[in-house]
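Engineer: Supplied structure: coords-v4.csv, CSV, C-alpha atoms and all ligand atoms.
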chain,number,residue,atom,x,y,z
D,1,MET,CA,-1.4,4.2,4.9
D,2,LYS,CA,-0.8,5.9,1.6
D,3,ILE,CA,-1.4,4.1,-1.7
D,4,GLY,CA,-0.3,5.5,-5.1
D,5,LEU,CA,-2.1,4.8,-8.3
D,6,VAL,CA,0.2,4.4,-11.3
D,7,GLY,CA,-0.1,3.2,-14.8
D,8,LEU,CA,0.4,4.1,-18.5
D,9,PRO,CA,-1.5,7.2,-19.8
D,10,GLY,CA,-5.2,6.7,-20.2
D,11,SER,CA,-5.2,3.3,-18.3
D,12,GLY,CA,-8.0,4.6,-16.0
D,13,LYS,CA,-6.1,5.8,-12.9
D,14,SER,CA,-8.3,8.8,-12.4
D,15,THR,CA,-11.5,6.7,-12.9
D,16,VAL,CA,-10.3,4.3,-10.3
D,17,PHE,CA,-9.4,7.2,-8.0
D,18,ARG,CA,-12.9,8.6,-8.3
D,19,THR,CA,-14.4,5.2,-7.6
D,20,LEU,CA,-12.3,4.7,-4.5
D,21,THR,CA,-12.7,8.1,-3.1
D,22,GLY,CA,-16.3,9.0,-4.2
D,23,LYS,CA,-14.9,12.3,-5.5
D,24,HIS,CA,-16.8,12.2,-8.7
D,25,ASP,CA,-15.9,15.8,-9.7
D,26,HIS,CA,-12.2,14.8,-9.7
D,27,LEU,CA,-10.6,15.5,-13.1
D,28,GLY,CA,-7.4,13.7,-12.4
D,29,HIS,CA,-4.3,15.9,-11.8
D,30,ALA,CA,-1.0,14.3,-11.0
D,31,GLY,CA,-0.4,14.2,-7.3
D,32,ASP,CA,-4.1,14.6,-6.3
D,33,VAL,CA,-4.7,13.2,-2.9
D,34,ALA,CA,-7.9,11.9,-1.2
D,35,VAL,CA,-8.3,10.3,2.2
D,36,VAL,CA,-10.7,7.4,2.4
D,37,HIS,CA,-12.1,6.2,5.7
D,38,VAL,CA,-12.6,2.4,6.0
D,39,PRO,CA,-14.8,2.1,9.1
D,40,ASP,CA,-14.0,-0.9,11.3
D,41,PRO,CA,-16.7,-2.0,13.8
D,42,ARG,CA,-13.9,-3.0,16.3
D,43,THR,CA,-13.0,0.7,16.9
D,44,GLU,CA,-16.5,1.4,18.1
D,45,ARG,CA,-16.6,-1.6,20.3
D,46,LEU,CA,-13.3,-0.6,21.9
D,47,ALA,CA,-14.6,3.0,22.4
D,48,ALA,CA,-17.6,1.5,24.3
D,49,ILE,CA,-15.3,-0.7,26.5
D,50,TYR,CA,-12.9,2.2,27.4
D,51,GLY,CA,-15.5,4.9,27.4
D,52,SER,CA,-13.6,6.9,24.8
D,53,GLN,CA,-14.8,10.3,23.8
D,54,ARG,CA,-13.6,10.2,20.2
D,55,ILE,CA,-13.4,7.5,17.5
D,56,VAL,CA,-10.8,7.6,14.8
D,57,GLN,CA,-11.4,5.1,12.0
D,58,PRO,CA,-8.6,3.8,9.8
D,59,GLU,CA,-7.6,5.9,6.9
D,60,ILE,CA,-6.1,5.2,3.5
D,61,THR,CA,-4.8,8.1,1.5
D,62,PHE,CA,-4.9,7.6,-2.2
D,63,LEU,CA,-2.7,9.5,-4.6
D,64,ASP,CA,-3.7,9.8,-8.2
D,65,LEU,CA,-0.3,9.8,-9.8
D,66,MET,CA,1.1,10.8,-13.1
D,67,ALA,CA,1.4,8.3,-15.9
D,68,VAL,CA,4.5,6.3,-16.5
D,69,ARG,CA,5.3,6.0,-20.2
D,70,ARG,CA,6.8,3.1,-22.0
D,71,GLY,CA,10.5,3.3,-22.7
D,72,ASP,CA,11.1,6.8,-21.6
D,73,GLY,CA,14.1,5.6,-19.8
D,74,ALA,CA,14.9,5.8,-16.2
D,75,ALA,CA,16.0,9.4,-15.8
D,76,GLY,CA,13.2,11.9,-16.1
D,77,GLU,CA,9.5,11.1,-15.6
D,78,ALA,CA,9.7,7.9,-13.5
D,79,LEU,CA,11.9,9.8,-11.0
D,80,ASP,CA,9.2,12.4,-10.8
D,81,LEU,CA,7.0,9.6,-9.8
D,82,VAL,CA,9.3,8.8,-6.9
D,83,ARG,CA,9.3,12.5,-5.9
D,84,LEU,CA,5.5,12.5,-5.9
D,85,ALA,CA,5.1,9.1,-4.3
D,86,GLY,CA,8.2,8.6,-2.3
D,87,ASP,CA,6.3,8.2,0.9
D,88,ALA,CA,3.6,5.9,-0.5
D,89,ASP,CA,3.4,2.6,1.4
D,90,ALA,CA,2.1,0.7,-1.6
D,91,PHE,CA,1.0,1.0,-5.2
D,92,VAL,CA,-1.9,0.0,-7.3
D,93,LEU,CA,-0.9,-0.4,-10.9
D,94,VAL,CA,-3.8,0.2,-13.2
D,95,LEU,CA,-3.5,-1.6,-16.5
D,96,GLN,CA,-5.7,-0.9,-19.6
D,97,CYS,CA,-7.4,-4.1,-20.6
D,98,PHE,CA,-10.4,-2.4,-22.4
D,99,GLY,CA,-10.7,-1.2,-26.0
D,100,ASP,CA,-8.6,-2.2,-29.0
D,101,LEU,CA,-6.0,0.6,-29.0
D,102,ASP,CA,-3.6,1.8,-26.4
D,103,TYR,CA,-2.8,5.4,-25.6
D,104,ALA,CA,-0.4,5.8,-28.5
D,105,GLY,CA,-2.9,4.3,-31.0
D,106,ASN,CA,-1.2,0.9,-31.2
D,107,PRO,CA,-3.1,-2.4,-30.9
D,108,LEU,CA,-3.6,-3.1,-27.2
D,109,ARG,CA,-1.3,-5.7,-25.6
D,110,PRO,CA,-1.9,-5.7,-21.9
D,111,GLY,CA,0.7,-8.4,-21.3
D,112,ALA,CA,3.4,-6.3,-23.0
D,113,ASP,CA,2.2,-3.1,-21.2
D,114,PHE,CA,2.4,-4.9,-17.9
D,115,GLU,CA,6.1,-5.9,-18.6
D,116,ALA,CA,6.9,-2.4,-19.8
D,117,VAL,CA,5.6,-0.7,-16.7
D,118,LEU,CA,7.4,-3.2,-14.4
D,119,LEU,CA,10.6,-2.6,-16.4
D,120,GLU,CA,10.1,1.2,-16.1
D,121,MET,CA,9.8,0.8,-12.3
D,122,ALA,CA,12.9,-1.4,-12.1
D,123,LEU,CA,14.8,1.2,-14.1
D,124,THR,CA,13.6,4.0,-11.8
D,125,ASP,CA,15.0,2.1,-8.8
D,126,LEU,CA,18.2,1.3,-10.8
D,127,THR,CA,18.8,5.0,-11.2
D,128,ILE,CA,18.4,5.6,-7.5
D,129,VAL,CA,20.7,2.7,-6.7
D,130,GLU,CA,23.3,3.8,-9.2
D,131,ASN,CA,23.3,7.4,-8.0
D,132,ARG,CA,24.0,6.2,-4.5
D,133,LEU,CA,26.8,3.9,-5.7
D,134,LYS,CA,28.4,6.9,-7.5
D,135,ARG,CA,28.3,8.9,-4.3
D,136,ILE,CA,30.0,6.1,-2.4
D,137,ALA,CA,32.6,5.7,-5.1
D,138,ALA,CA,33.3,9.4,-5.0
D,139,ARG,CA,34.5,8.9,-1.4
D,140,GLY,CA,37.3,6.7,-2.7
D,141,GLY,CA,39.8,5.6,0.0
D,142,LYS,CA,37.9,7.5,2.7
D,143,ARG,CA,35.2,4.9,2.8
D,144,GLU,CA,34.1,3.6,6.1
D,145,ALA,CA,33.2,0.0,6.9
D,146,HIS,CA,29.5,0.4,6.7
D,147,GLU,CA,29.9,1.9,3.3
D,148,HIS,CA,31.6,-1.2,2.0
D,149,TRP,CA,28.7,-3.1,3.4
D,150,GLU,CA,26.3,-0.8,1.7
D,151,GLU,CA,28.2,-0.9,-1.6
D,152,GLU,CA,28.0,-4.7,-1.6
D,153,LEU,CA,24.2,-4.5,-0.9
D,154,LEU,CA,23.6,-1.9,-3.7
D,155,ARG,CA,25.6,-3.9,-6.2
D,156,ARG,CA,23.3,-6.9,-5.6
D,157,CYS,CA,20.3,-4.6,-6.0
D,158,GLN,CA,21.8,-3.2,-9.2
D,159,ALA,CA,22.3,-6.6,-10.8
D,160,HIS,CA,18.8,-7.7,-9.8
D,161,LEU,CA,17.2,-4.5,-11.2
D,162,ALA,CA,19.2,-4.5,-14.3
D,163,ALA,CA,17.7,-8.0,-15.1
D,164,GLY,CA,14.3,-6.4,-14.7
D,165,GLY,CA,13.6,-7.8,-11.3
D,166,SER,CA,11.8,-6.2,-8.4
D,167,LEU,CA,13.6,-5.6,-5.1
D,168,ARG,CA,10.7,-7.2,-3.3
D,169,ASP,CA,11.9,-10.5,-4.6
D,170,LEU,CA,15.5,-10.1,-3.6
D,171,PRO,CA,16.4,-12.0,-0.5
D,172,LEU,CA,17.4,-9.4,2.1
D,173,SER,CA,18.4,-9.6,5.8
D,174,GLU,CA,16.4,-7.4,8.1
D,175,ASP,CA,19.2,-4.8,8.3
D,176,GLU,CA,19.5,-4.7,4.6
D,177,ALA,CA,15.8,-4.3,4.1
D,178,LYS,CA,15.7,-1.5,6.7
D,179,HIS,CA,18.6,0.3,5.1
D,180,LEU,CA,17.0,0.1,1.6
D,181,ARG,CA,13.7,1.4,2.9
D,182,GLY,CA,15.4,4.8,3.4
D,183,PHE,CA,15.7,5.2,-0.4
D,184,SER,CA,12.0,5.2,-1.4
D,185,LEU,CA,12.6,2.4,-3.9
D,186,VAL,CA,9.3,1.7,-5.7
D,187,THR,CA,9.9,-2.0,-6.4
D,188,LEU,CA,10.5,-2.7,-2.7
D,189,LYS,CA,7.0,-1.8,-1.8
D,190,PRO,CA,3.8,-3.9,-2.2
D,191,TRP,CA,2.0,-3.8,-5.5
D,192,LEU,CA,-1.5,-4.6,-6.5
D,193,MET,CA,-2.3,-5.1,-10.2
D,194,ALA,CA,-5.7,-3.7,-11.2
D,195,CYS,CA,-6.7,-5.0,-14.6
D,196,ASN,CA,-9.1,-2.4,-15.9
D,197,VAL,CA,-11.4,-4.5,-18.1
D,198,ALA,CA,-14.2,-3.7,-20.6
D,199,GLU,CA,-17.9,-3.7,-19.7
D,200,ASP,CA,-18.4,-6.9,-21.8
D,201,ASP,CA,-15.4,-8.7,-20.3
D,202,LEU,CA,-15.8,-8.4,-16.5
D,203,THR,CA,-13.9,-11.6,-15.8
D,204,GLY,CA,-10.9,-10.4,-17.8
D,205,GLN,CA,-10.8,-13.2,-20.5
D,206,ARG,CA,-8.9,-10.7,-22.7
D,207,CYS,CA,-6.2,-10.2,-20.1
D,208,SER,CA,-5.6,-13.8,-19.0
D,209,GLU,CA,-1.9,-13.3,-20.0
D,210,VAL,CA,-1.6,-10.6,-17.4
D,211,HIS,CA,-3.1,-12.9,-14.8
D,212,ARG,CA,-0.6,-15.5,-15.7
D,213,LEU,CA,2.3,-13.0,-15.5
D,214,CYS,CA,1.1,-11.8,-12.1
D,215,GLU,CA,1.0,-15.4,-10.8
D,216,GLN,CA,4.5,-16.0,-12.1
D,217,ARG,CA,5.8,-12.9,-10.4
D,218,GLY,CA,3.7,-13.5,-7.2
D,219,LEU,CA,1.9,-10.2,-7.7
D,220,PRO,CA,-1.7,-10.0,-6.4
D,221,TYR,CA,-4.3,-8.8,-9.0
D,222,LEU,CA,-7.9,-8.1,-9.5
D,223,ASP,CA,-10.2,-7.3,-12.4
D,224,LEU,CA,-12.4,-4.3,-12.4
D,225,CYS,CA,-14.2,-2.2,-14.9
D,226,ALA,CA,-13.5,1.3,-13.7
D,227,THR,CA,-16.1,3.1,-15.8
D,228,LEU,CA,-18.9,0.7,-14.7
D,229,GLU,CA,-17.8,0.8,-11.1
D,230,GLU,CA,-17.9,4.6,-11.3
D,231,GLU,CA,-21.3,4.6,-12.8
D,232,ILE,CA,-22.6,2.3,-10.0
D,233,GLY,CA,-21.0,4.5,-7.4
D,234,GLN,CA,-23.0,7.5,-8.6
D,235,LEU,CA,-26.4,5.8,-8.3
D,236,PRO,CA,-28.5,6.4,-5.3
D,237,PRO,CA,-27.3,4.0,-2.6
D,238,GLU,CA,-30.5,1.9,-2.6
D,239,GLU,CA,-30.2,1.2,-6.3
D,240,GLN,CA,-26.5,0.3,-6.3
D,241,ALA,CA,-26.7,-3.3,-5.2
D,242,SER,CA,-29.4,-4.4,-7.7
D,243,PHE,CA,-27.7,-2.6,-10.5
D,244,ALA,CA,-24.3,-4.2,-9.6
D,245,ALA,CA,-26.0,-7.6,-9.3
D,246,ASP,CA,-27.2,-7.3,-12.9
D,247,PHE,CA,-23.6,-7.5,-13.9
D,248,GLY,CA,-22.8,-10.3,-11.5
D,249,LEU,CA,-21.0,-7.9,-9.1
D,250,THR,CA,-21.8,-8.8,-5.5
D,251,GLU,CA,-20.3,-5.8,-3.7
D,252,PRO,CA,-20.1,-2.1,-4.5
D,253,ALA,CA,-16.8,-1.3,-6.3
D,254,ARG,CA,-15.5,0.9,-3.6
D,255,GLU,CA,-15.9,-1.7,-0.9
D,256,ARG,CA,-14.7,-4.6,-3.1
D,257,LEU,CA,-11.6,-2.6,-4.1
D,258,LEU,CA,-10.9,-1.6,-0.5
D,259,HIS,CA,-11.3,-5.1,0.8
D,260,LEU,CA,-9.0,-6.4,-1.9
D,261,VAL,CA,-6.5,-3.7,-1.1
D,262,TYR,CA,-6.6,-4.8,2.5
D,263,ARG,CA,-6.4,-8.5,1.8
D,264,LEU,CA,-4.0,-8.5,-1.1
D,265,MET,CA,-1.7,-5.9,0.2
D,266,ARG,CA,-1.8,-7.7,3.5
D,267,LEU,CA,-2.8,-4.6,5.5
D,268,VAL,CA,-3.2,-5.0,9.2
D,269,THR,CA,-5.2,-2.9,11.6
D,270,PHE,CA,-4.1,-2.3,15.1
D,271,PHE,CA,-5.6,0.0,17.8
D,272,THR,CA,-4.6,2.4,20.5
D,273,VAL,CA,-7.3,3.2,23.0
D,274,ASN,CA,-7.9,5.3,26.2
D,275,GLU,CA,-10.7,7.4,27.6
D,276,LYS,CA,-10.0,10.2,25.2
D,277,GLU,CA,-9.8,8.3,22.0
D,278,ALA,CA,-10.2,4.9,20.3
D,279,HIS,CA,-7.9,5.0,17.3
D,280,ALA,CA,-7.5,2.4,14.5
D,281,TRP,CA,-4.3,2.4,12.5
D,282,THR,CA,-3.3,0.7,9.3
D,283,ILE,CA,0.1,-0.9,8.6
D,284,THR,CA,1.5,-3.5,6.3
D,285,ALA,CA,1.7,-7.1,7.5
D,286,GLY,CA,5.1,-7.9,9.1
D,287,ALA,CA,5.5,-4.4,10.6
D,288,THR,CA,7.1,-4.5,14.1
D,289,ALA,CA,5.9,-2.9,17.3
D,290,LEU,CA,8.6,-0.3,16.8
D,291,ALA,CA,7.2,0.6,13.3
D,292,ALA,CA,3.7,0.7,14.7
D,293,ALA,CA,4.9,3.1,17.5
D,294,GLY,CA,6.3,5.3,14.7
D,295,LYS,CA,2.9,5.4,13.1
D,296,VAL,CA,1.3,6.8,16.3
D,297,HIS,CA,4.0,9.3,17.2
D,298,SER,CA,7.7,9.6,16.4
D,299,ASP,CA,8.5,10.2,20.1
D,300,MET,CA,7.0,6.8,20.8
D,301,GLN,CA,9.3,5.2,18.3
D,302,HIS,CA,12.5,7.0,19.5
D,303,GLY,CA,11.8,6.4,23.2
D,304,PHE,CA,10.3,2.9,22.7
D,305,ILE,CA,10.5,0.7,25.8
D,306,ARG,CA,8.0,-2.0,25.2
D,307,ALA,CA,4.5,-2.7,23.9
D,308,GLU,CA,1.7,-4.1,26.0
D,309,VAL,CA,-0.6,-6.1,23.8
D,310,ILE,CA,-4.2,-7.4,24.2
D,311,PRO,CA,-5.8,-9.0,21.2
D,312,PHE,CA,-9.2,-7.3,20.3
D,313,ALA,CA,-11.0,-10.7,20.6
D,314,CYS,CA,-10.0,-10.9,24.3
D,315,LEU,CA,-11.2,-7.4,25.1
D,316,ASP,CA,-14.4,-8.1,23.2
D,317,GLU,CA,-15.0,-11.2,25.1
D,318,MET,CA,-14.0,-10.0,28.6
D,319,GLY,CA,-15.4,-6.6,28.2
D,320,SER,CA,-12.7,-4.8,30.1
D,321,GLU,CA,-9.0,-4.3,30.2
D,322,LYS,CA,-8.9,-5.1,33.9
D,323,VAL,CA,-10.4,-8.6,33.4
D,324,CYS,CA,-8.0,-9.2,30.5
D,325,LYS,CA,-5.0,-8.4,32.7
D,326,GLU,CA,-6.3,-10.5,35.6
D,327,ARG,CA,-6.7,-13.5,33.3
D,328,GLY,CA,-3.2,-13.0,31.9
D,329,LEU,CA,-4.4,-12.1,28.5
D,330,MET,CA,-2.1,-9.1,28.2
D,331,ARG,CA,1.4,-9.7,26.8
D,332,VAL,CA,4.5,-7.6,27.0
D,333,GLU,CA,6.4,-7.5,23.8
D,334,GLY,CA,9.6,-5.9,22.6
D,335,ARG,CA,10.4,-3.7,19.6
D,336,ASP,CA,10.7,-6.6,17.1
D,337,TYR,CA,7.3,-8.1,17.9
D,338,VAL,CA,5.3,-8.5,14.6
D,339,VAL,CA,2.0,-6.7,15.1
D,340,GLN,CA,-1.1,-8.9,14.4
D,341,ASP,CA,-4.4,-7.7,13.0
D,342,GLY,CA,-6.6,-6.6,15.9
D,343,ASP,CA,-3.9,-6.0,18.4
D,344,VAL,CA,-4.6,-3.3,20.9
D,345,LEU,CA,-1.3,-1.7,21.8
D,346,TYR,CA,-0.2,0.3,24.7
D,347,ILE,CA,3.3,1.7,23.9
D,348,ARG,CA,5.5,2.4,26.9
D,349,PHE,CA,8.2,5.0,26.0
D,350,SER,CA,10.6,7.4,27.6
D,351,ARG,CA,10.6,11.1,26.5
O,401,LIG,N1,-14.4,1.3,-21.9
O,401,LIG,C1,-13.8,1.7,-20.8
O,401,LIG,N2,-13.2,2.9,-20.7
O,401,LIG,C2,-12.5,3.3,-19.6
O,401,LIG,C3,-12.4,2.4,-18.5
O,401,LIG,N3,-11.7,3.1,-17.6
O,401,LIG,C4,-11.4,4.3,-18.1
O,401,LIG,N4,-11.9,4.4,-19.3
O,401,LIG,C5,-11.8,5.5,-20.2
O,401,LIG,O1,-10.4,5.8,-20.5
O,401,LIG,C6,-10.1,7.2,-20.5
O,401,LIG,C7,-9.0,7.5,-19.6
O,401,LIG,O2,-9.4,7.3,-18.2
O,401,LIG,P1,-8.7,8.0,-17.0
O,401,LIG,O3,-9.3,7.5,-15.8
O,401,LIG,O4,-8.7,9.5,-17.2
O,401,LIG,O5,-7.2,7.5,-17.2
O,401,LIG,P2,-5.9,8.0,-16.5
O,401,LIG,O6,-5.0,6.8,-16.4
O,401,LIG,O7,-6.2,8.8,-15.3
O,401,LIG,O8,-5.3,8.9,-17.7
O,401,LIG,P3,-4.1,10.0,-17.6
O,401,LIG,O9,-4.2,10.6,-16.3
O,401,LIG,O10,-4.3,10.9,-18.7
O,401,LIG,O11,-2.9,9.1,-17.8
O,401,LIG,C8,-11.4,7.9,-20.2
O,401,LIG,O12,-12.0,8.3,-21.3
O,401,LIG,C9,-12.2,6.8,-19.5
O,401,LIG,O13,-13.6,7.0,-19.6
O,401,LIG,C10,-13.1,1.1,-18.6
O,401,LIG,O14,-13.0,0.4,-17.6
O,401,LIG,N5,-13.7,0.8,-19.7
O,402,MG,MG,-5.6,10.8,-14.8
Would you mind writing the file out in structure tokens?
Structural biologist:
Amino acid sequence: MKIGLVGLPGSGKSTVFRTLTGKHDHLGHAGDVAVVHVPDPRTERLAAIYGSQRIVQPEITFLDLMAVRRGDGAAGEALDLVRLAGDADAFVLVLQCFGDLDYAGNPLRPGADFEAVLLEMALTDLTIVENRLKRIAARGGKREAHEHWEEELLRRCQAHLAAGGSLRDLPLSEDEAKHLRGFSLVTLKPWLMACNVAEDDLTGQRCSEVHRLCEQRGLPYLDLCATLEEEIGQLPPEEQASFAADFGLTEPARERLLHLVYRLMRLVTFFTVNEKEAHAWTITAGATALAAAGKVHSDMQHGFIRAEVIPFACLDEMGSEKVCKERGLMRVEGRDYVVQDGDVLYIRFSR
């Protein structure tokens, strides 16, 4: 699971990155990467049941990305973003909601900034879609049937993006969604809005307009004060909770943010386990058994036959795979099965 942090210049991306990753010496260079482990107690329980020698906890890779600028147009910078973050699974959009002035020295207007960044993202995708349309058009009469199908699909995307929409909101068939995923379109991926609020406005009164816009667009959001959270993260662990409580914060920033990332981005953890290794993996909700297989190994995806599934809760209760099988708690599922949080998967595949 790879999550990119984007936002306007100076919105606090690098500060959020440091909070999430605990890399307090991080200066914030575009494209910086850090892997964060999010221990899941279920992995240890599975290792105990199967006698696994090794435990691999879920990982999230965070990318501190470059800034997107307002109104730079679709061509240059935003496409660099796609090059940098093309393989990101999801994005956190950091929005400056602290201070009086924005990066360019203008009065701060978080609502307008929010719209500007979303428009910039839509324009980025529009460029990708239009480049592809040009390539298809260049084939003229030599076009094949699937290219007509693709052209029709891309035209629909083009109209939607040109109106400032996100492809996430465009109704798509499964085949269409699958085809579009090959293009690394940023508005097709899940987004989380992080309103970076001031120390004296932790509940984000000053960015209520952004909250409203997020609700309108169906985007999940959270308020955080990046500098304060970073400060808390640098305290000795035993002091963090009481310091945070003084500000009415119940959970350390890193955990709070990670929990929200999981919940709001609808991340799902599944497991693979044998005597060698108990391994937790993270995917986005709705991912199929075939996609899950691809996370584990591309061979498993290419040669996929079926998935044998036991929910974690069953293994936990029965204490062994054998008993689960005897009681009929193991299911056999095909490639289109939607993986559920806590599924323990055994992928059968041919080489
Ligand atoms: N008051 C206040 N200042 C903040 C907050 N978050 C970040 N800042 C300040 O804003 C400035 C920019 O923060 P960065 O984290 O470097 O922002 P960035 O988005 O990485 O900036 P670029 O990479 O230059 O685009 C720094 O001086 C931070 O200390 C916040 O929550 N409150
Ligand atoms: Mg930075």
Engineer: May I ask for the distance between atom CA of D:Gly248 and atom CA of D:Leu235, given in Å to one decimal place?
Structural biologist: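 For atom CA of D:Gly248 relative to atom CA of D:Leu235, the distance reads 16.8 Å.
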Engineer: Check which residues of chain D sit at most 10 Å from ligand LIG 401 (chain O) using all atoms listed in the file, and return one row each with the closest pair of atoms and their distance in Å to one decimal, ordered by chain and rising number, as a Markdown table.
Structural biologist:
| residue | atom | partner | partner_atom | distance |
| --- | --- | --- | --- | --- |
| D:Leu5 | CA | O:LIG401 | O6 | 8.8 |
| D:Val6 | CA | O:LIG401 | O6 | 7.7 |
| D:Gly7 | CA | O:LIG401 | O6 | 6.3 |
| D:Leu8 | CA | O:LIG401 | O11 | 6.0 |
| D:Pro9 | CA | O:LIG401 | O11 | 3.1 |
| D:Gly10 | CA | O:LIG401 | O8 | 3.3 |
| D:Ser11 | CA | O:LIG401 | O6 | 4.0 |
| D:Gly12 | CA | O:LIG401 | O3 | 3.2 |
| D:Lys13 | CA | O:LIG401 | O6 | 3.8 |
| D:Ser14 | CA | O:LIG401 | O7 | 3.6 |
| D:Thr15 | CA | O:LIG401 | O3 | 3.7 |
| D:Val16 | CA | O:LIG401 | O3 | 6.4 |
| D:Phe17 | CA | O:LIG401 | O3 | 7.8 |
| D:Arg18 | CA | O:LIG401 | O3 | 8.4 |
| D:Thr19 | CA | O:LIG401 | O3 | 9.9 |
| D:His26 | CA | O:LIG401 | O4 | 9.8 |
| D:Leu27 | CA | O:LIG401 | O4 | 7.5 |
| D:Gly28 | CA | O:LIG401 | O7 | 5.8 |
| D:His29 | CA | O:LIG401 | O9 | 7.0 |
| D:Ala30 | CA | O:LIG401 | O9 | 7.2 |
| D:Asp64 | CA | O:LIG401 | O7 | 7.6 |
| D:Leu65 | CA | O:LIG401 | O9 | 7.6 |
| D:Met66 | CA | O:LIG401 | O9 | 6.2 |
| D:Ala67 | CA | O:LIG401 | O11 | 4.8 |
| D:Val68 | CA | O:LIG401 | O11 | 8.0 |
| D:Arg69 | CA | O:LIG401 | O11 | 9.1 |
| D:Leu93 | CA | O:LIG401 | O6 | 9.9 |
| D:Val94 | CA | O:LIG401 | O6 | 7.4 |
| D:Leu95 | CA | O:LIG401 | O6 | 8.5 |
| D:Gln96 | CA | O:LIG401 | N3 | 7.5 |
| D:Cys97 | CA | O:LIG401 | O14 | 7.8 |
| D:Phe98 | CA | O:LIG401 | N5 | 5.3 |
| D:Gly99 | CA | O:LIG401 | N1 | 6.1 |
| D:Asp100 | CA | O:LIG401 | N1 | 9.8 |
| D:Asp102 | CA | O:LIG401 | O1 | 9.9 |
| D:Tyr103 | CA | O:LIG401 | O11 | 8.6 |
| D:Cys195 | CA | O:LIG401 | O14 | 8.8 |
| D:Asn196 | CA | O:LIG401 | O14 | 5.1 |
| D:Val197 | CA | O:LIG401 | O14 | 5.2 |
| D:Ala198 | CA | O:LIG401 | N5 | 4.6 |
| D:Glu199 | CA | O:LIG401 | N5 | 6.2 |
| D:Asp200 | CA | O:LIG401 | N1 | 9.1 |
| D:Asp201 | CA | O:LIG401 | N5 | 9.7 |
| D:Leu202 | CA | O:LIG401 | O14 | 9.3 |
| D:Asp223 | CA | O:LIG401 | O14 | 9.7 |
| D:Leu224 | CA | O:LIG401 | O14 | 7.0 |
| D:Cys225 | CA | O:LIG401 | O14 | 3.9 |
| D:Ala226 | CA | O:LIG401 | O14 | 4.0 |
| D:Thr227 | CA | O:LIG401 | O14 | 4.5 |
| D:Leu228 | CA | O:LIG401 | O14 | 6.6 |
| D:Glu229 | CA | O:LIG401 | O14 | 8.1 |
| D:Glu230 | CA | O:LIG401 | N3 | 9.0 |
Engineer: Excluding D:Glu277 and its own-chain neighbours fewer than 6 positions away, which residues fall within 10 Å of it when counting all atoms listed in the file? Please give them as a PyMOL selection string.
Structural biologist: chain D and resi 43+46-47+50-56
Engineer: Have a look at atom CA of D:Arg327 and atom CA of D:Phe312 and let me know their distance in Å, one decimal.
Structural biologist: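 Separation between atom CA of D:Arg327 and atom CA of D:Phe312: 14.6 Å.
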Engineer: Would you compute the distance between atom CA of D:Lys295 and atom CA of D:Leu20? Give it in Å to one decimal.
Structural biologist: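 Computed distance, atom CA of D:Lys295 to atom CA of D:Leu20, equals 23.3 Å.
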